[in-house]
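File shown here: model_32.txt, holding compact mmCIF, C-alpha atoms.
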# COMPACT_ATOMS: atom_id res chain seq x y z
CA MET A 1 -17.00 -79.29 46.06
CA TRP A 2 -18.02 -81.06 42.86
CA SER A 3 -21.71 -80.26 43.48
CA LYS A 4 -21.01 -76.54 43.94
CA LEU A 5 -18.82 -76.43 40.86
CA SER A 6 -21.42 -78.24 38.75
CA LEU A 7 -24.15 -75.90 39.98
CA VAL A 8 -22.11 -72.80 39.16
CA ALA A 9 -21.21 -74.20 35.73
CA PHE A 10 -24.86 -75.06 35.01
CA ILE A 11 -26.24 -71.68 36.08
CA ALA A 12 -23.59 -69.77 34.14
CA GLY A 13 -23.89 -71.98 31.06
CA PHE A 14 -27.69 -72.00 31.03
CA SER A 15 -27.85 -68.22 31.51
CA MET A 16 -25.43 -67.68 28.64
CA LEU A 17 -27.40 -70.11 26.48
CA LEU A 18 -30.65 -68.26 27.16
CA TYR A 19 -28.98 -64.98 26.26
CA GLY A 20 -27.45 -66.52 23.13
CA THR A 21 -30.78 -67.99 22.03
CA PHE A 22 -32.54 -64.66 22.44
CA LYS A 23 -29.84 -62.80 20.53
CA ALA A 24 -29.64 -65.42 17.79
CA PHE A 25 -33.31 -64.99 16.95
CA SER A 26 -33.39 -61.22 17.40
CA LEU A 27 -30.50 -60.35 15.10
CA PRO A 28 -31.43 -59.26 11.56
CA PRO A 29 -30.88 -61.68 8.66
CA VAL A 30 -27.58 -61.57 6.80
CA ALA A 31 -27.37 -60.25 3.26
CA SER A 32 -27.25 -63.63 1.52
CA ALA A 33 -29.87 -65.28 -0.64
CA ASP A 34 -28.77 -68.75 0.53
CA ILE A 35 -28.50 -68.27 4.30
CA CYS A 36 -30.29 -65.00 5.12
CA GLU A 37 -32.30 -66.57 7.99
CA ASN A 38 -30.75 -70.04 8.00
CA TYR A 39 -27.50 -68.73 9.49
CA ARG A 40 -29.12 -68.60 12.94
CA ILE A 41 -28.78 -72.36 13.27
CA VAL A 42 -24.99 -71.91 13.25
CA PHE A 43 -25.23 -70.56 16.81
CA PHE A 44 -26.37 -74.04 17.93
CA HIS A 45 -24.84 -76.31 15.29
CA VAL A 46 -21.24 -75.15 15.76
CA PRO A 47 -21.29 -75.16 19.61
CA ALA A 48 -22.87 -78.64 19.60
CA ALA A 49 -20.17 -79.96 17.26
CA ILE A 50 -17.31 -78.31 19.16
CA SER A 51 -18.54 -79.45 22.58
CA SER A 52 -18.88 -83.00 21.24
CA PHE A 53 -15.26 -82.91 20.05
CA VAL A 54 -14.20 -81.69 23.49
CA ALA A 55 -16.20 -84.43 25.21
CA PHE A 56 -14.84 -87.19 22.97
CA THR A 57 -11.30 -85.90 23.51
CA LEU A 58 -11.79 -86.21 27.26
CA THR A 59 -13.21 -89.70 26.73
CA PHE A 60 -9.99 -90.58 24.92
CA ILE A 61 -7.88 -89.16 27.76
CA PHE A 62 -9.84 -90.88 30.53
CA SER A 63 -9.78 -94.18 28.62
CA ALA A 64 -6.00 -93.95 28.27
CA LEU A 65 -5.67 -93.14 31.98
CA PHE A 66 -7.84 -96.12 32.87
CA LEU A 67 -5.72 -98.49 30.80
CA ARG A 68 -2.61 -97.12 32.47
CA THR A 69 -3.83 -97.04 36.08
CA GLU A 70 -6.78 -99.49 36.11
CA ASN A 71 -8.63 -96.93 38.19
CA TYR A 72 -12.28 -97.64 37.41
CA ARG A 73 -13.23 -94.08 38.25
CA ARG A 74 -11.50 -93.08 35.00
CA ASP A 75 -13.69 -95.51 33.09
CA LEU A 76 -16.84 -93.97 34.56
CA GLN A 77 -15.56 -90.51 33.66
CA ALA A 78 -14.86 -91.68 30.10
CA VAL A 79 -18.42 -92.96 29.76
CA SER A 80 -19.97 -89.79 31.20
CA SER A 81 -17.98 -87.65 28.78
CA ALA A 82 -18.93 -89.91 25.86
CA ARG A 83 -22.64 -89.65 26.74
CA PHE A 84 -22.57 -85.87 26.48
CA GLY A 85 -20.49 -86.02 23.30
CA PHE A 86 -22.89 -88.46 21.68
CA ALA A 87 -25.89 -86.26 22.49
CA MET A 88 -24.13 -83.21 21.07
CA ILE A 89 -22.94 -84.89 17.86
CA THR A 90 -26.51 -86.11 17.33
CA ALA A 91 -27.72 -82.51 17.74
CA ALA A 92 -25.02 -81.37 15.31
CA LEU A 93 -26.12 -83.93 12.72
CA ILE A 94 -29.78 -82.90 12.99
CA SER A 95 -29.11 -79.16 12.90
CA GLY A 96 -26.64 -79.64 10.05
CA SER A 97 -29.29 -81.48 8.05
CA ILE A 98 -31.70 -78.59 8.55
CA TRP A 99 -29.02 -76.19 7.30
CA ALA A 100 -28.37 -78.43 4.29
CA LYS A 101 -32.04 -78.56 3.32
CA VAL A 102 -32.30 -74.77 3.17
CA ALA A 103 -28.86 -74.02 1.73
CA TRP A 104 -28.39 -76.96 -0.65
CA GLY A 105 -31.90 -78.31 -1.22
CA SER A 106 -31.45 -81.69 0.47
CA TYR A 107 -31.19 -82.90 4.05
CA TRP A 108 -28.24 -85.12 3.14
CA ASN A 109 -25.69 -84.60 0.37
CA TRP A 110 -22.82 -87.00 1.22
CA ASP A 111 -20.47 -84.05 1.53
CA PRO A 112 -17.13 -85.11 3.14
CA ARG A 113 -17.93 -83.22 6.36
CA GLU A 114 -21.38 -84.79 6.63
CA THR A 115 -20.00 -88.24 5.87
CA PHE A 116 -17.14 -88.12 8.39
CA VAL A 117 -19.44 -86.83 11.14
CA LEU A 118 -21.84 -89.69 10.40
CA VAL A 119 -18.93 -92.14 10.69
CA LEU A 120 -18.05 -90.54 14.04
CA TRP A 121 -21.66 -90.96 15.19
CA PHE A 122 -21.65 -94.67 14.32
CA ALA A 123 -18.23 -95.14 15.95
CA TYR A 124 -19.50 -93.92 19.30
CA ALA A 125 -22.87 -95.64 18.91
CA ALA A 126 -20.80 -98.83 18.64
CA TYR A 127 -18.93 -97.80 21.81
CA PHE A 128 -22.16 -97.84 23.80
CA ALA A 129 -23.32 -101.02 22.08
CA LEU A 130 -20.06 -102.68 23.12
CA ARG A 131 -20.54 -101.66 26.74
CA THR A 132 -24.08 -103.00 26.89
CA SER A 133 -23.05 -106.32 25.32
CA ILE A 134 -20.54 -107.23 28.06
CA GLU A 135 -21.77 -108.10 31.55
CA ASP A 136 -18.50 -108.39 33.47
CA TYR A 137 -17.58 -104.85 34.46
CA SER A 138 -13.80 -105.20 34.41
CA THR A 139 -13.90 -106.75 30.94
CA LYS A 140 -16.37 -104.14 29.73
CA ALA A 141 -14.23 -101.30 31.02
CA ARG A 142 -11.02 -102.60 29.43
CA TYR A 143 -12.52 -103.47 26.04
CA SER A 144 -14.46 -100.22 25.72
CA ALA A 145 -11.40 -98.18 26.75
CA ILE A 146 -9.29 -99.88 24.07
CA TYR A 147 -12.04 -99.38 21.51
CA SER A 148 -12.43 -95.68 22.37
CA LEU A 149 -8.75 -95.08 21.65
CA PHE A 150 -9.30 -96.27 18.09
CA ALA A 151 -12.73 -94.58 17.76
CA PHE A 152 -11.18 -91.22 18.59
CA ILE A 153 -9.51 -91.04 15.16
CA THR A 154 -12.94 -90.10 13.80
CA VAL A 155 -12.85 -86.85 15.79
CA PRO A 156 -9.88 -85.15 14.04
CA LEU A 157 -11.04 -86.65 10.75
CA SER A 158 -14.45 -85.01 11.22
CA TYR A 159 -12.93 -81.69 12.26
CA PHE A 160 -10.45 -81.40 9.40
CA SER A 161 -12.82 -82.81 6.77
CA ALA A 162 -14.25 -79.30 6.37
CA LYS A 163 -11.01 -78.37 4.60
CA ILE A 164 -11.80 -80.79 1.76
CA SER A 165 -15.54 -80.21 1.84
CA VAL A 166 -17.14 -78.94 -1.35
CA LEU A 167 -20.36 -77.69 0.25
CA HIS A 168 -19.81 -77.34 3.99
CA PRO A 169 -18.42 -73.88 4.81
CA MET A 170 -15.69 -73.21 7.35
CA THR A 171 -16.85 -71.04 10.24
CA SER A 172 -14.50 -68.29 9.04
CA GLU A 173 -16.15 -68.36 5.62
CA LEU A 174 -19.49 -67.26 7.10
CA LYS A 175 -17.93 -63.79 7.48
CA PHE A 176 -19.72 -62.93 10.71
CA ASP A 177 -19.34 -59.39 11.96
CA ALA A 178 -17.98 -58.67 15.45
CA GLU A 179 -21.40 -58.91 17.09
CA ARG A 180 -22.28 -62.29 15.56
CA GLY A 181 -18.77 -63.63 16.08
CA THR A 182 -18.85 -62.67 19.76
CA LEU A 183 -22.28 -64.23 20.14
CA LEU A 184 -21.04 -67.49 18.61
CA GLY A 185 -18.15 -67.50 21.09
CA ILE A 186 -20.54 -66.95 23.99
CA VAL A 187 -22.75 -69.86 22.98
CA ILE A 188 -19.74 -72.15 22.47
CA PHE A 189 -18.57 -71.27 25.99
CA ALA A 190 -22.11 -71.90 27.29
CA PHE A 191 -22.09 -75.41 25.81
CA ILE A 192 -18.69 -76.12 27.36
CA LEU A 193 -19.95 -75.00 30.77
CA LEU A 194 -23.02 -77.22 30.42
CA TYR A 195 -20.70 -80.09 29.52
CA ILE A 196 -18.70 -79.50 32.70
CA ALA A 197 -21.89 -79.40 34.79
CA TYR A 198 -23.22 -82.61 33.22
CA PHE A 199 -19.89 -84.40 33.46
CA LEU A 200 -19.41 -83.64 37.15
CA VAL A 201 -22.90 -84.80 38.09
CA ASP A 202 -23.13 -87.85 35.82
CA SER A 203 -19.68 -89.22 36.62
CA LYS A 204 -20.26 -88.79 40.36
CA VAL A 205 -23.69 -90.46 40.22
CA SER A 206 -22.21 -93.32 38.18
CA GLU A 207 -19.44 -93.71 40.76
CA ILE A 208 -21.98 -93.89 43.60
CA GLU A 209 -24.08 -96.42 41.68
CA GLU A 210 -21.06 -98.66 41.09
CA ARG A 211 -20.18 -98.55 44.79
CA VAL A 212 -23.73 -99.54 45.74
CA VAL A 213 -23.72 -102.39 43.21
CA GLY A 214 -20.34 -103.56 44.49
CA VAL A 215 -21.55 -103.57 48.09
CA ASN A 216 -24.70 -105.51 47.16
CA GLU A 217 -22.69 -108.10 45.27
CA HIS A 218 -20.55 -108.79 48.33
CA GLU A 219 -23.45 -109.10 50.78

Would you put the structure from the file into structure tokens?
Amino acid sequence: MWSKLSLVAFIAGFSMLLYGTFKAFSLPPVASADICENYRIVFFHVPAAISSFVAFTLTFIFSALFLRTENYRRDLQAVSSARFGFAMITAALISGSIWAKVAWGSYWNWDPRETFVLVLWFAYAAYFALRTSIEDYSTKARYSAIYSLFAFITVPLSYFSAKISVLHPMTSELKFDAERGTLLGIVIFAFILLYIAYFLVDSKVSEIEERVVGVNEHE
């Protein structure tokens, strides 16, 4: 069941992403001296950021469930979700820097939104560093789950930091027309579907690997 669902999610998400990519580069520039062509990156920057927030939220939930139930499957699901989130927040940082160079003249400006997202990136980089530094699996799972509960505070801080940002615009401030707004929604949904596809496959593969390791250790 999980394999069929992941395949459907991947095909649908990838197809929508291909369509979104084509449309993003075929639309005319907007009437703005600062972002006339640069706005196209929003169709990848915003979905990457949003899908990372979704993934990290699920990591928080699975970590909490693991601490409550001590079901190690929840730990593996938390890690799989965090992997996707970390890849997406890295993509958001890179694409955001490209936007900043064109719009503000510098790749990095220490704007509140940029700064909080960087803090988030380091918080989850530390999450993976913690996991690799502990050999005993049960200890690793418990410590990383506890840590992820605290690391999650960087997610809402990053999201709401746009409200105090001097440079970083809110999505609503871009004033997209109906066509561009719909396209942005399509690409966001595509990223979410790709997250679902990745999560289902990666968490299941991790579960199988842990079972094999456990069997080998008892032989």

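The two atoms in question, atom CA of Ser52 of chain A and atom CA of Ser81 of chain A, are spaced 8.9 Å apart.
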
Grab the atom CA of Val8 of chain A to atom CA of Phe199 of chain A distance for me, in Å with one decimal place.
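So the two atoms, atom CA of Val8 of chain A and atom CA of Phe199 of chain A, lie 13.1 Å apart.
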
For each of A:Ala190, A:Ala197, A:Ala129, A:Ala78, take the minimum atom-to-atom distance to Leu149 of chain A, counting all atoms listed in the file, then give the residue where this is smallest.
A:Ala78

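Closest approach to Ala103 of chain A among A:Asn38, A:Ser51, A:Thr154, A:Thr182 is made by A:Asn38 (distances from only C-alpha atoms).
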
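Residue nearest Glu210 of chain A, chosen from A:Asp75, A:Glu70, A:Asp177, A:Asp111 and counting only C-alpha atoms: A:Asp75.
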
Just give me the gap between atom CA of Ala48 of chain A and atom CA of Ser26 of chain A in Å, one decimal is fine.
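Calculated distance between atom CA of Ala48 of chain A and atom CA of Ser26 of chain A is 20.5 Å.
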
Of A:Ile153, A:Ile134, A:Val187, A:Ala178, the one sitting nearest Ile41 of chain A when using only C-alpha atoms is A:Val187

Segment 53-60 of chain A: which residues within 9 Å, counting only C-alpha atoms, same-chain residues fewer than 4 positions away excluded, as a PyMOL selection string?
chain A and resi 48-49+64-65+75+77-86+88-89+124+145+148-152+155-156+159+192+195

Please work out which residues fall within 12 Å of (-29.9, -81.0, 7.4), coordinates as given in the file, with all atoms listed in the file counting, and return them as a short mmCIF file (atom, residue, chain, number, x, y, z; two decimals) with C-alpha atoms, in the frame of the given file.
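What follows is the written file part_5.cif:
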data_model
loop_
_atom_site.label_atom_id
_atom_site.label_comp_id
_atom_site.auth_asym_id
_atom_site.auth_seq_id
_atom_site.Cartn_x
_atom_site.Cartn_y
_atom_site.Cartn_z
CA ASN A 38 -30.75 -70.04 8.00
CA ILE A 41 -28.78 -72.36 13.27
CA VAL A 42 -24.99 -71.91 13.25
CA HIS A 45 -24.84 -76.31 15.29
CA THR A 90 -26.51 -86.11 17.33
CA ALA A 91 -27.72 -82.51 17.74
CA ALA A 92 -25.02 -81.37 15.31
CA LEU A 93 -26.12 -83.93 12.72
CA ILE A 94 -29.78 -82.90 12.99
CA SER A 95 -29.11 -79.16 12.90
CA GLY A 96 -26.64 -79.64 10.05
CA SER A 97 -29.29 -81.48 8.05
CA ILE A 98 -31.70 -78.59 8.55
CA TRP A 99 -29.02 -76.19 7.30
CA ALA A 100 -28.37 -78.43 4.29
CA LYS A 101 -32.04 -78.56 3.32
CA VAL A 102 -32.30 -74.77 3.17
CA ALA A 103 -28.86 -74.02 1.73
CA TRP A 104 -28.39 -76.96 -0.65
CA GLY A 105 -31.90 -78.31 -1.22
CA SER A 106 -31.45 -81.69 0.47
CA TYR A 107 -31.19 -82.90 4.05
CA TRP A 108 -28.24 -85.12 3.14
CA ASN A 109 -25.69 -84.60 0.37
CA TRP A 110 -22.82 -87.00 1.22
CA ASP A 111 -20.47 -84.05 1.53
CA GLU A 114 -21.38 -84.79 6.63
CA HIS A 168 -19.81 -77.34 3.99
#

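Neighbours of Ala9 of chain A closer than or equal to 10 Å, with only C-alpha atoms counted and sequence neighbours fewer than 3 positions away skipped, come out as A:Ser3, A:Lys4, A:Leu5, A:Ser6, A:Ala12, A:Gly13, A:Phe14, A:Ser15, A:Ala190, A:Ile192, A:Leu193, A:Leu194, A:Tyr195, A:Ile196, A:Ala197, A:Tyr198, A:Leu200.
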
Quick one: write out the picked residues with C-alpha atoms as a PDB file, in the coordinates of the input?
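Final file, result.pdb:
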ATOM      1  CA  SER A   3     -21.710 -80.260  43.480  1.00  0.00           C
ATOM      2  CA  LYS A   4     -21.010 -76.540  43.940  1.00  0.00           C
ATOM      3  CA  LEU A   5     -18.820 -76.430  40.860  1.00  0.00           C
ATOM      4  CA  SER A   6     -21.420 -78.240  38.750  1.00  0.00           C
ATOM      5  CA  ALA A  12     -23.590 -69.770  34.140  1.00  0.00           C
ATOM      6  CA  GLY A  13     -23.890 -71.980  31.060  1.00  0.00           C
ATOM      7  CA  PHE A  14     -27.690 -72.000  31.030  1.00  0.00           C
ATOM      8  CA  SER A  15     -27.850 -68.220  31.510  1.00  0.00           C
ATOM      9  CA  ALA A 190     -22.110 -71.900  27.290  1.00  0.00           C
ATOM     10  CA  ILE A 192     -18.690 -76.120  27.360  1.00  0.00           C
ATOM     11  CA  LEU A 193     -19.950 -75.000  30.770  1.00  0.00           C
ATOM     12  CA  LEU A 194     -23.020 -77.220  30.420  1.00  0.00           C
ATOM     13  CA  TYR A 195     -20.700 -80.090  29.520  1.00  0.00           C
ATOM     14  CA  ILE A 196     -18.700 -79.500  32.700  1.00  0.00           C
ATOM     15  CA  ALA A 197     -21.890 -79.400  34.790  1.00  0.00           C
ATOM     16  CA  TYR A 198     -23.220 -82.610  33.220  1.00  0.00           C
ATOM     17  CA  LEU A 200     -19.410 -83.640  37.150  1.00  0.00           C
TER      18      LEU A 200
END
